[in-house]
file my_file_14.txt (compact mmCIF, C-alpha atoms and all ligand atoms)
# COMPACT_ATOMS: atom_id res chain seq x y z
CA MET A 15 -26.61 -20.83 -0.09
CA ALA A 16 -23.57 -21.92 1.91
CA VAL A 17 -20.21 -22.47 0.26
CA SER A 18 -17.42 -24.70 1.51
CA SER A 19 -14.46 -23.09 -0.26
CA LEU A 20 -13.17 -20.67 -2.87
CA ALA A 21 -10.09 -21.73 -4.81
CA ALA A 22 -7.91 -19.95 -7.34
CA GLU A 23 -6.16 -22.41 -9.61
CA GLY A 24 -3.29 -20.99 -11.65
CA LEU A 25 -5.15 -17.70 -11.81
CA ALA A 26 -3.26 -14.99 -13.72
CA CYS A 27 -4.87 -11.56 -13.99
CA GLN A 28 -4.44 -8.92 -16.69
CA ARG A 29 -5.12 -5.24 -17.00
CA GLY A 30 -4.95 -3.40 -20.31
CA GLY A 31 -3.26 -6.37 -21.99
CA ARG A 32 -0.52 -6.70 -19.34
CA ILE A 33 -0.36 -9.45 -16.78
CA VAL A 34 -0.30 -7.75 -13.38
CA VAL A 35 -0.86 -10.82 -11.19
CA PRO A 36 1.12 -13.91 -12.21
CA ALA A 37 -0.44 -17.34 -11.85
CA LEU A 38 -1.65 -17.77 -8.28
CA SER A 39 -3.13 -20.77 -6.55
CA PHE A 40 -4.81 -20.57 -3.16
CA LYS A 41 -7.82 -21.93 -1.32
CA VAL A 42 -10.00 -20.16 1.22
CA GLU A 43 -12.21 -22.42 3.32
CA ALA A 44 -15.60 -21.49 4.77
CA GLY A 45 -15.13 -19.45 7.93
CA SER A 46 -11.84 -17.99 6.72
CA ALA A 47 -10.54 -14.71 5.35
CA LEU A 48 -7.69 -13.98 2.97
CA ILE A 49 -6.10 -10.56 3.42
CA LEU A 50 -4.56 -9.18 0.22
CA ARG A 51 -1.58 -6.97 0.86
CA GLY A 52 0.92 -5.23 -1.35
CA PRO A 53 1.92 -1.71 -2.35
CA ASN A 54 -0.02 0.51 -4.72
CA GLY A 55 -0.24 -1.09 -8.14
CA ALA A 56 0.56 -4.61 -6.93
CA GLY A 57 -2.71 -5.93 -8.37
CA LYS A 58 -5.06 -6.28 -5.41
CA THR A 59 -8.00 -4.61 -7.15
CA THR A 60 -7.30 -6.52 -10.35
CA LEU A 61 -7.31 -9.84 -8.49
CA LEU A 62 -10.58 -9.09 -6.68
CA ARG A 63 -12.31 -7.86 -9.86
CA THR A 64 -11.13 -10.96 -11.72
CA ILE A 65 -12.48 -13.26 -9.02
CA ALA A 66 -15.76 -11.32 -9.07
CA GLY A 67 -16.00 -11.91 -12.81
CA TYR A 68 -15.73 -8.23 -13.81
CA LEU A 69 -12.38 -8.78 -15.58
CA PRO A 70 -11.49 -11.81 -17.70
CA ALA A 71 -8.71 -13.99 -16.28
CA GLU A 72 -5.57 -14.27 -18.41
CA SER A 73 -5.39 -17.94 -17.47
CA GLY A 74 -6.50 -20.29 -14.73
CA ARG A 75 -9.82 -20.28 -12.95
CA VAL A 76 -11.78 -19.56 -9.82
CA ALA A 77 -13.74 -22.44 -8.33
CA VAL A 78 -16.37 -22.02 -5.65
CA THR A 79 -17.68 -25.19 -4.08
CA ASP A 80 -21.23 -25.26 -2.73
CA ASP A 81 -23.72 -28.02 -2.08
CA LYS A 82 -24.26 -28.35 -5.84
CA GLY A 83 -20.56 -28.96 -6.51
CA GLN A 84 -18.09 -26.62 -8.16
CA GLY A 85 -18.97 -23.46 -10.07
CA THR A 86 -17.70 -19.98 -10.83
CA GLY A 87 -19.20 -18.41 -7.74
CA GLU A 88 -21.85 -16.45 -9.61
CA GLY A 89 -24.62 -15.67 -7.14
CA HIS A 90 -22.38 -16.14 -4.11
CA PHE A 91 -20.37 -12.91 -4.34
CA HIS A 92 -20.71 -9.51 -2.72
CA TYR A 93 -18.14 -7.23 -4.35
CA ILE A 94 -17.50 -3.85 -2.72
CA GLY A 95 -15.08 -1.77 -4.76
CA HIS A 96 -13.84 1.78 -4.49
CA THR A 97 -17.22 3.29 -5.23
CA ASN A 98 -20.21 2.79 -2.98
CA GLY A 99 -22.85 2.27 -5.65
CA ILE A 100 -25.24 4.65 -3.92
CA LYS A 101 -28.29 6.12 -5.59
CA PRO A 102 -28.11 9.73 -4.39
CA ARG A 103 -31.78 10.62 -4.88
CA LEU A 104 -32.99 7.73 -2.75
CA THR A 105 -32.98 7.78 1.03
CA VAL A 106 -30.55 5.66 3.00
CA ILE A 107 -33.14 2.96 3.74
CA GLU A 108 -34.42 3.06 0.14
CA ASN A 109 -30.89 2.32 -1.05
CA VAL A 110 -30.71 -0.73 1.20
CA SER A 111 -34.15 -1.92 0.05
CA PHE A 112 -33.06 -1.48 -3.56
CA TRP A 113 -30.00 -3.69 -3.00
CA GLN A 114 -32.11 -6.32 -1.28
CA SER A 115 -34.41 -6.46 -4.31
CA PHE A 116 -31.41 -6.53 -6.61
CA TYR A 117 -29.58 -9.30 -4.80
CA SER A 118 -32.40 -11.49 -3.57
CA GLY A 119 -35.54 -10.29 -5.34
CA ALA A 120 -37.24 -9.38 -2.06
CA GLU A 121 -37.17 -6.58 0.48
CA ASP A 122 -36.77 -7.34 4.18
CA VAL A 123 -37.35 -4.30 6.40
CA GLU A 124 -36.02 -5.91 9.58
CA ALA A 125 -32.79 -7.02 7.86
CA ALA A 126 -32.43 -3.56 6.31
CA GLU A 127 -32.77 -1.84 9.69
CA ASN A 128 -30.37 -4.30 11.32
CA ALA A 129 -27.82 -3.63 8.58
CA LEU A 130 -28.13 0.13 9.11
CA GLU A 131 -27.87 -0.33 12.88
CA ALA A 132 -24.69 -2.40 12.47
CA PHE A 133 -23.06 0.52 10.66
CA ASP A 134 -24.61 3.18 12.93
CA LEU A 135 -26.83 4.61 10.19
CA LEU A 136 -30.30 3.98 11.58
CA ASP A 137 -30.73 7.62 12.64
CA LEU A 138 -30.07 8.60 9.02
CA ALA A 139 -32.49 6.06 7.50
CA GLU A 140 -34.76 8.73 5.97
CA TYR A 141 -31.87 11.01 4.96
CA ARG A 142 -31.17 11.57 1.26
CA ALA A 143 -28.18 9.38 0.43
CA GLY A 144 -26.62 12.02 -1.82
CA HIS A 145 -26.14 14.23 1.23
CA LEU A 146 -24.07 11.72 3.21
CA SER A 147 -20.46 12.41 4.12
CA GLN A 148 -17.74 10.21 2.59
CA GLY A 149 -17.53 8.01 5.66
CA GLN A 150 -21.31 7.74 6.01
CA ALA A 151 -21.58 6.84 2.33
CA ARG A 152 -18.91 4.16 2.78
CA ARG A 153 -20.87 2.73 5.72
CA LEU A 154 -24.02 2.67 3.59
CA GLY A 155 -22.11 0.87 0.83
CA LEU A 156 -20.99 -1.71 3.37
CA ALA A 157 -24.47 -2.12 4.87
CA ARG A 158 -25.52 -4.08 1.80
CA LEU A 159 -23.26 -6.90 3.00
CA LEU A 160 -25.60 -7.45 5.93
CA ALA A 161 -28.90 -6.47 4.28
CA ALA A 162 -28.66 -9.16 1.62
CA LYS A 163 -26.65 -12.19 2.65
CA ARG A 164 -24.08 -13.68 0.29
CA ALA A 165 -21.45 -16.24 1.19
CA VAL A 166 -18.33 -14.69 -0.33
CA TRP A 167 -17.35 -11.09 0.37
CA LEU A 168 -14.82 -9.48 -1.97
CA LEU A 169 -13.85 -6.22 -0.30
CA ASP A 170 -11.46 -3.73 -1.89
CA GLU A 171 -10.10 -1.31 0.72
CA PRO A 172 -13.35 -1.42 2.70
CA SER A 173 -12.04 0.80 5.52
CA VAL A 174 -11.28 3.79 3.29
CA SER A 175 -12.98 6.94 4.74
CA LEU A 176 -14.00 5.11 7.94
CA ASP A 177 -13.21 6.55 11.35
CA THR A 178 -11.92 4.31 14.13
CA ALA A 179 -15.35 3.39 15.51
CA SER A 180 -16.65 2.55 12.04
CA THR A 181 -13.57 0.45 11.30
CA ARG A 182 -14.34 -1.55 14.47
CA ARG A 183 -17.90 -2.07 13.15
CA LEU A 184 -16.50 -3.31 9.84
CA GLU A 185 -14.19 -5.74 11.65
CA THR A 186 -17.15 -7.02 13.70
CA ALA A 187 -19.24 -7.51 10.56
CA ILE A 188 -16.45 -9.49 8.86
CA ARG A 189 -15.74 -11.60 11.97
CA ASP A 190 -19.46 -12.40 12.37
CA HIS A 191 -19.64 -13.34 8.68
CA LEU A 192 -16.73 -15.75 9.10
CA ALA A 193 -18.24 -17.18 12.28
CA GLN A 194 -21.39 -17.95 10.27
CA GLY A 195 -19.33 -19.91 7.72
CA GLY A 196 -18.77 -17.10 5.24
CA ILE A 197 -15.63 -16.33 3.26
CA ALA A 198 -13.97 -12.93 2.87
CA LEU A 199 -11.18 -11.71 0.61
CA VAL A 200 -10.10 -8.28 1.79
CA SER A 201 -7.64 -5.89 0.21
CA THR A 202 -6.38 -3.49 2.86
CA HIS A 203 -3.41 -1.39 3.89
CA LEU A 204 -4.66 -1.49 7.51
CA ASP A 205 -4.16 -4.18 10.14
CA LEU A 206 -7.80 -5.20 10.46
CA ALA A 207 -8.49 -7.23 13.58
CA LEU A 208 -9.98 -10.38 12.07
CA GLY A 209 -8.45 -12.97 14.41
CA ASP A 210 -7.00 -16.37 13.62
CA ALA A 211 -9.40 -16.99 10.76
CA ALA A 212 -7.44 -14.60 8.53
CA THR A 213 -4.29 -15.35 6.56
CA VAL A 214 -2.29 -12.95 4.41
CA LEU A 215 -1.44 -13.13 0.71
CA GLU A 216 1.27 -10.64 -0.20
CA LEU A 217 1.21 -9.43 -3.79
CA LYS A 218 4.56 -8.27 -5.10
CA PRO A 219 4.94 -5.00 -6.99
CA GLY A 220 6.57 -4.59 -10.38
CA ARG A 221 5.55 -7.97 -11.69
CA ALA A 222 3.57 -6.61 -14.66
CA PHE A 223 4.62 -8.08 -18.00
CA ALA A 224 3.14 -8.31 -21.47
CA ALA A 225 0.40 -10.89 -21.84
N1 LIG A 301 -7.65 0.16 -16.71
C1 LIG A 301 -6.35 -0.15 -16.68
N2 LIG A 301 -5.62 -0.29 -17.80
C2 LIG A 301 -4.32 -0.61 -17.77
N3 LIG A 301 -3.64 -0.83 -16.62
C3 LIG A 301 -4.33 -0.70 -15.47
C4 LIG A 301 -5.70 -0.36 -15.42
N4 LIG A 301 -6.09 -0.30 -14.13
C5 LIG A 301 -5.01 -0.61 -13.39
N5 LIG A 301 -3.95 -0.84 -14.19
C6 LIG A 301 -2.60 -1.23 -13.77
O1 LIG A 301 -2.67 -2.51 -13.19
C7 LIG A 301 -1.75 -2.62 -12.11
C8 LIG A 301 -2.49 -3.14 -10.88
O2 LIG A 301 -3.45 -2.16 -10.45
P1 LIG A 301 -4.43 -2.44 -9.24
O3 LIG A 301 -5.41 -1.31 -9.20
O4 LIG A 301 -4.95 -3.82 -9.36
O5 LIG A 301 -3.41 -2.37 -8.00
P2 LIG A 301 -3.71 -2.29 -6.44
O6 LIG A 301 -2.78 -3.26 -5.77
O7 LIG A 301 -5.16 -2.48 -6.17
O8 LIG A 301 -3.26 -0.81 -6.11
P3 LIG A 301 -3.74 0.26 -4.97
O9 LIG A 301 -3.14 -0.19 -3.65
O10 LIG A 301 -3.13 1.54 -5.45
O11 LIG A 301 -5.25 0.30 -4.97
C9 LIG A 301 -1.12 -1.24 -11.93
O12 LIG A 301 0.15 -1.25 -12.51
C10 LIG A 301 -2.05 -0.32 -12.69
O13 LIG A 301 -1.35 0.76 -13.23
call {"tool": "encode", "arguments": {"input": "my_file_14.txt", "output": "structure tokens"}}
result
Amino acid sequence: MAVSSLAAEGLACQRGGRIVVPALSFKVEAGSALILRGPNGAGKTTLLRTIAGYLPAESGRVAVTDDKGQGTGEGHFHYIGHTNGIKPRLTVIENVSFWQSFYSGAEDVEAAENALEAFDLLDLAEYRAGHLSQGQARRLGLARLLAAKRAVWLLDEPSVSLDTASTRRLETAIRDHLAQGGIALVSTHLDLALGDAATVLELKPGRAFAA
């Protein structure tokens, strides 16, 4: 389902009982990306995990607007964190099929192969996922973004372990997603080439205080 915007309204985020992101308000429209920047510990992961619903907000809310009105975004999010969520005993293509079933309840072989192709993994489709290198495993983790479509991508340091060519593939995937009306929130220390559709939100360090 398409979404028209994601908005944070007075959203403060906590970790271990301490507020690490003070109340923030921003809006990301369909077709746009928000790049989260800031030094280690500034709260980028905390903010993304709070938006995804994996951490409770200290205050404020996240509002995602779709054709049914406003909601929390449940069902619209793809969250890719620091781990790749790979099942090591399954093959590469079996991992992608598993995610498709998980996210949409149905497998789609053509979409799975296209997702692997986009991240240059098609030659490794029958390879056991537990044997992948770090960068290959990261690419497999990212392939789920394309194998099962969701409108809002929440990506925490998605380029970690990627070589230059793979980083270009990631940038292409994000730009295509935005061109199709998607939304992306991306924490990164790199200058990803996402074009004019991306704006930057700088998180300040040392703002943690007791909740
Ligand atoms: N489980 C936890 N319990 C308590 N504090 C935590 C926990 N996880 C993270 N923190 C603290 O929350 C703050 C924000 O951490 P967070 O991981 O969100 O930062 P980040 O901007 O993503 O950093 P990095 O660039 O290093 O990934 C840090 O001060 C960190 O020490």
call {"tool": "residues_near_ligand", "arguments": {"input": "my_file_14.txt", "ligand": "ligand LIG 301 (chain A)", "cutoff": "10 Å", "atoms": "all atoms listed in the file", "output": "PyMOL selection string"}}
result
chain A and resi 27-35+50-64+96+170-171+201-203+217-223
call {"tool": "write_last_selection", "arguments": {"input": "my_file_14.txt", "atoms": "C-alpha atoms", "output": "CSV table (one decimal), in the coordinates of the input"}}
result
chain,number,residue,atom,x,y,z
A,27,CYS,CA,-4.9,-11.6,-14.0
A,28,GLN,CA,-4.4,-8.9,-16.7
A,29,ARG,CA,-5.1,-5.2,-17.0
A,30,GLY,CA,-5.0,-3.4,-20.3
A,31,GLY,CA,-3.3,-6.4,-22.0
A,32,ARG,CA,-0.5,-6.7,-19.3
A,33,ILE,CA,-0.4,-9.4,-16.8
A,34,VAL,CA,-0.3,-7.8,-13.4
A,35,VAL,CA,-0.9,-10.8,-11.2
A,50,LEU,CA,-4.6,-9.2,0.2
A,51,ARG,CA,-1.6,-7.0,0.9
A,52,GLY,CA,0.9,-5.2,-1.4
A,53,PRO,CA,1.9,-1.7,-2.4
A,54,ASN,CA,0.0,0.5,-4.7
A,55,GLY,CA,-0.2,-1.1,-8.1
A,56,ALA,CA,0.6,-4.6,-6.9
A,57,GLY,CA,-2.7,-5.9,-8.4
A,58,LYS,CA,-5.1,-6.3,-5.4
A,59,THR,CA,-8.0,-4.6,-7.2
A,60,THR,CA,-7.3,-6.5,-10.4
A,61,LEU,CA,-7.3,-9.8,-8.5
A,62,LEU,CA,-10.6,-9.1,-6.7
A,63,ARG,CA,-12.3,-7.9,-9.9
A,64,THR,CA,-11.1,-11.0,-11.7
A,96,HIS,CA,-13.8,1.8,-4.5
A,170,ASP,CA,-11.5,-3.7,-1.9
A,171,GLU,CA,-10.1,-1.3,0.7
A,201,SER,CA,-7.6,-5.9,0.2
A,202,THR,CA,-6.4,-3.5,2.9
A,203,HIS,CA,-3.4,-1.4,3.9
A,217,LEU,CA,1.2,-9.4,-3.8
A,218,LYS,CA,4.6,-8.3,-5.1
A,219,PRO,CA,4.9,-5.0,-7.0
A,220,GLY,CA,6.6,-4.6,-10.4
A,221,ARG,CA,5.6,-8.0,-11.7
A,222,ALA,CA,3.6,-6.6,-14.7
A,223,PHE,CA,4.6,-8.1,-18.0
call {"tool": "atom_distance", "arguments": {"input": "my_file_14.txt", "atom1": "atom CA of A:Ala165", "atom2": "atom CA of A:Val106"}}
result
23.8 Å
call {"tool": "closest_residue", "arguments": {"input": "my_file_14.txt", "among": "A:Ile94, A:Leu25, A:Val17, A:Ala162", "to": "A:Trp113", "atoms": "all atoms listed in the file"}}
result
A:Ala162
call {"tool": "closest_residue", "arguments": {"input": "my_file_14.txt", "among": "A:His90, A:Arg158, A:Arg189, A:Arg164", "to": "A:Ile107", "atoms": "all atoms listed in the file"}}
result
A:Arg158
call {"tool": "closest_residue", "arguments": {"input": "my_file_14.txt", "among": "A:Ser147, A:Ser118, A:Thr105, A:Thr213", "to": "A:His92", "atoms": "only C-alpha atoms"}}
result
A:Ser118
call {"tool": "atom_distance", "arguments": {"input": "my_file_14.txt", "atom1": "atom CA of A:Leu156", "atom2": "atom CA of A:Val42"}}
result
21.6 Å
call {"tool": "residues_around", "arguments": {"input": "my_file_14.txt", "residues": "A:Thr181", "least_positions_apart": "5", "cutoff": "9 Å", "atoms": "all atoms listed in the file", "output": "ChimeraX atom specification"}}
result
/A:172-174,176,186,206
call {"tool": "closest_residue", "arguments": {"input": "my_file_14.txt", "among": "A:Asn128, A:Ser19, A:Thr97, A:Ser46", "to": "A:Thr79", "atoms": "all atoms listed in the file"}}
result
A:Ser19
call {"tool": "closest_residue", "arguments": {"input": "my_file_14.txt", "among": "A:Phe133, A:Phe112, A:Phe91, A:Pro102", "to": "A:Leu146", "atoms": "all atoms listed in the file"}}
result
A:Pro102
call {"tool": "closest_residue", "arguments": {"input": "my_file_14.txt", "among": "A:Gly67, A:Gly87, A:Gly95, A:Gly155", "to": "A:Ala143", "atoms": "all atoms listed in the file"}}
result
A:Gly155
call {"tool": "atom_distance", "arguments": {"input": "my_file_14.txt", "atom1": "atom CA of A:Ile197", "atom2": "atom CA of A:Ile100"}}
result
24.2 Å
call {"tool": "residues_around", "arguments": {"input": "my_file_14.txt", "residues": "A:Ile188", "least_positions_apart": "5", "cutoff": "12 Å", "atoms": "all atoms listed in the file", "output": "VMD selection string"}}
result
chain A and resid 45 to 49 132 156 to 157 159 to 160 165 to 169 172 to 173 181 to 183 193 to 200 206 to 209 211 to 212
call {"tool": "decode", "arguments": {"input": "my_file_14.txt", "residues": "stretch 76-196 of chain A", "atoms": "C-alpha atoms", "output": "CSV table (one decimal), in the first residue's frame"}}
result
chain,number,residue,atom,x,y,z
A,76,VAL,CA,5.0,8.6,14.7
A,77,ALA,CA,2.2,9.1,12.2
A,78,VAL,CA,2.2,7.4,8.8
A,79,THR,CA,-0.5,8.6,6.4
A,80,ASP,CA,-1.8,6.1,3.8
A,81,ASP,CA,-5.1,5.9,1.9
A,82,LYS,CA,-6.8,4.8,5.0
A,83,GLY,CA,-5.7,7.9,7.0
A,84,GLN,CA,-3.2,8.1,9.8
A,85,GLY,CA,-1.7,5.2,11.6
A,86,THR,CA,1.5,4.0,13.3
A,87,GLY,CA,3.0,2.6,10.2
A,88,GLU,CA,2.7,-1.0,11.1
A,89,GLY,CA,2.8,-3.0,8.0
A,90,HIS,CA,4.5,-0.3,6.0
A,91,PHE,CA,8.0,-0.6,7.4
A,92,HIS,CA,11.1,-2.5,6.3
A,93,TYR,CA,13.7,-2.1,9.1
A,94,ILE,CA,17.3,-3.2,8.4
A,95,GLY,CA,19.4,-3.0,11.4
A,96,HIS,CA,23.0,-4.0,12.2
A,97,THR,CA,22.3,-7.7,11.8
A,98,ASN,CA,21.2,-9.2,8.5
A,99,GLY,CA,18.6,-11.6,9.9
A,100,ILE,CA,19.9,-14.4,7.8
A,101,LYS,CA,19.1,-18.1,8.3
A,102,PRO,CA,22.5,-19.7,7.8
A,103,ARG,CA,21.2,-23.2,7.0
A,104,LEU,CA,19.0,-22.0,4.2
A,105,THR,CA,20.3,-21.1,0.8
A,106,VAL,CA,20.5,-17.5,-0.4
A,107,ILE,CA,17.3,-17.9,-2.5
A,108,GLU,CA,15.5,-19.8,0.3
A,109,ASN,CA,16.3,-16.8,2.7
A,110,VAL,CA,14.6,-14.4,0.2
A,111,SER,CA,11.6,-16.7,-0.2
A,112,PHE,CA,11.3,-17.0,3.6
A,113,TRP,CA,11.2,-13.2,3.9
A,114,GLN,CA,8.6,-12.9,1.1
A,115,SER,CA,6.4,-15.3,3.0
A,116,PHE,CA,7.0,-13.5,6.2
A,117,TYR,CA,6.3,-10.0,4.9
A,118,SER,CA,3.5,-10.7,2.3
A,119,GLY,CA,2.4,-14.3,2.9
A,120,ALA,CA,3.4,-15.4,-0.6
A,121,GLU,CA,6.5,-16.3,-2.4
A,122,ASP,CA,7.3,-14.7,-5.8
A,123,VAL,CA,10.2,-16.4,-7.6
A,124,GLU,CA,10.7,-13.7,-10.2
A,125,ALA,CA,10.8,-10.9,-7.6
A,126,ALA,CA,13.2,-13.0,-5.5
A,127,GLU,CA,15.6,-13.4,-8.5
A,128,ASN,CA,15.3,-9.7,-9.4
A,129,ALA,CA,16.2,-8.8,-5.8
A,130,LEU,CA,19.2,-11.0,-5.9
A,131,GLU,CA,20.2,-9.7,-9.3
A,132,ALA,CA,20.0,-6.1,-8.0
A,133,PHE,CA,22.5,-6.9,-5.3
A,134,ASP,CA,24.7,-9.1,-7.6
A,135,LEU,CA,23.8,-12.3,-5.7
A,136,LEU,CA,22.1,-14.4,-8.4
A,137,ASP,CA,25.2,-16.5,-9.0
A,138,LEU,CA,25.1,-17.4,-5.3
A,139,ALA,CA,21.3,-18.2,-5.2
A,140,GLU,CA,21.9,-21.9,-4.3
A,141,TYR,CA,24.8,-21.2,-1.9
A,142,ARG,CA,24.3,-21.8,1.8
A,143,ALA,CA,23.8,-18.4,3.4
A,144,GLY,CA,25.9,-19.2,6.4
A,145,HIS,CA,28.9,-19.4,4.1
A,146,LEU,CA,28.6,-15.9,2.7
A,147,SER,CA,31.2,-13.2,3.4
A,148,GLN,CA,30.3,-10.2,5.5
A,149,GLY,CA,29.6,-8.0,2.4
A,150,GLN,CA,27.7,-10.8,0.6
A,151,ALA,CA,25.6,-11.3,3.8
A,152,ARG,CA,24.9,-7.6,4.0
A,153,ARG,CA,23.7,-7.6,0.3
A,154,LEU,CA,21.4,-10.6,1.1
A,155,GLY,CA,20.0,-8.7,4.1
A,156,LEU,CA,19.3,-5.7,1.8
A,157,ALA,CA,17.8,-7.9,-1.0
A,158,ARG,CA,14.7,-8.3,1.2
A,159,LEU,CA,13.9,-4.6,0.5
A,160,LEU,CA,13.3,-5.5,-3.1
A,161,ALA,CA,11.9,-9.0,-2.8
A,162,ALA,CA,9.0,-7.9,-0.6
A,163,LYS,CA,7.9,-4.3,-1.2
A,164,ARG,CA,7.1,-2.0,1.7
A,165,ALA,CA,6.6,1.7,1.5
A,166,VAL,CA,8.9,2.9,4.3
A,167,TRP,CA,12.5,1.8,4.5
A,168,LEU,CA,14.3,2.3,7.9
A,169,LEU,CA,17.9,1.6,7.2
A,170,ASP,CA,20.6,1.7,9.9
A,171,GLU,CA,24.1,2.0,8.4
A,172,PRO,CA,23.1,-0.1,5.3
A,173,SER,CA,26.4,0.4,3.6
A,174,VAL,CA,28.5,-1.3,6.4
A,175,SER,CA,30.7,-4.1,4.8
A,176,LEU,CA,29.7,-3.1,1.3
A,177,ASP,CA,32.4,-2.5,-1.3
A,178,THR,CA,32.2,0.5,-3.7
A,179,ALA,CA,30.2,-1.4,-6.4
A,180,SER,CA,27.8,-2.7,-3.9
A,181,THR,CA,27.3,0.7,-2.3
A,182,ARG,CA,26.4,2.0,-5.8
A,183,ARG,CA,23.8,-0.8,-6.0
A,184,LEU,CA,22.4,0.2,-2.7
A,185,GLU,CA,22.1,3.9,-3.8
A,186,THR,CA,20.4,2.8,-7.0
A,187,ALA,CA,17.9,0.7,-5.0
A,188,ILE,CA,17.1,3.6,-2.6
A,189,ARG,CA,16.8,6.1,-5.5
A,190,ASP,CA,14.4,3.7,-7.4
A,191,HIS,CA,12.4,3.2,-4.3
A,192,LEU,CA,12.0,7.0,-3.9
A,193,ALA,CA,11.2,7.4,-7.6
A,194,GLN,CA,8.3,4.9,-7.0
A,195,GLY,CA,6.9,7.0,-4.2
A,196,GLY,CA,8.6,5.3,-1.3
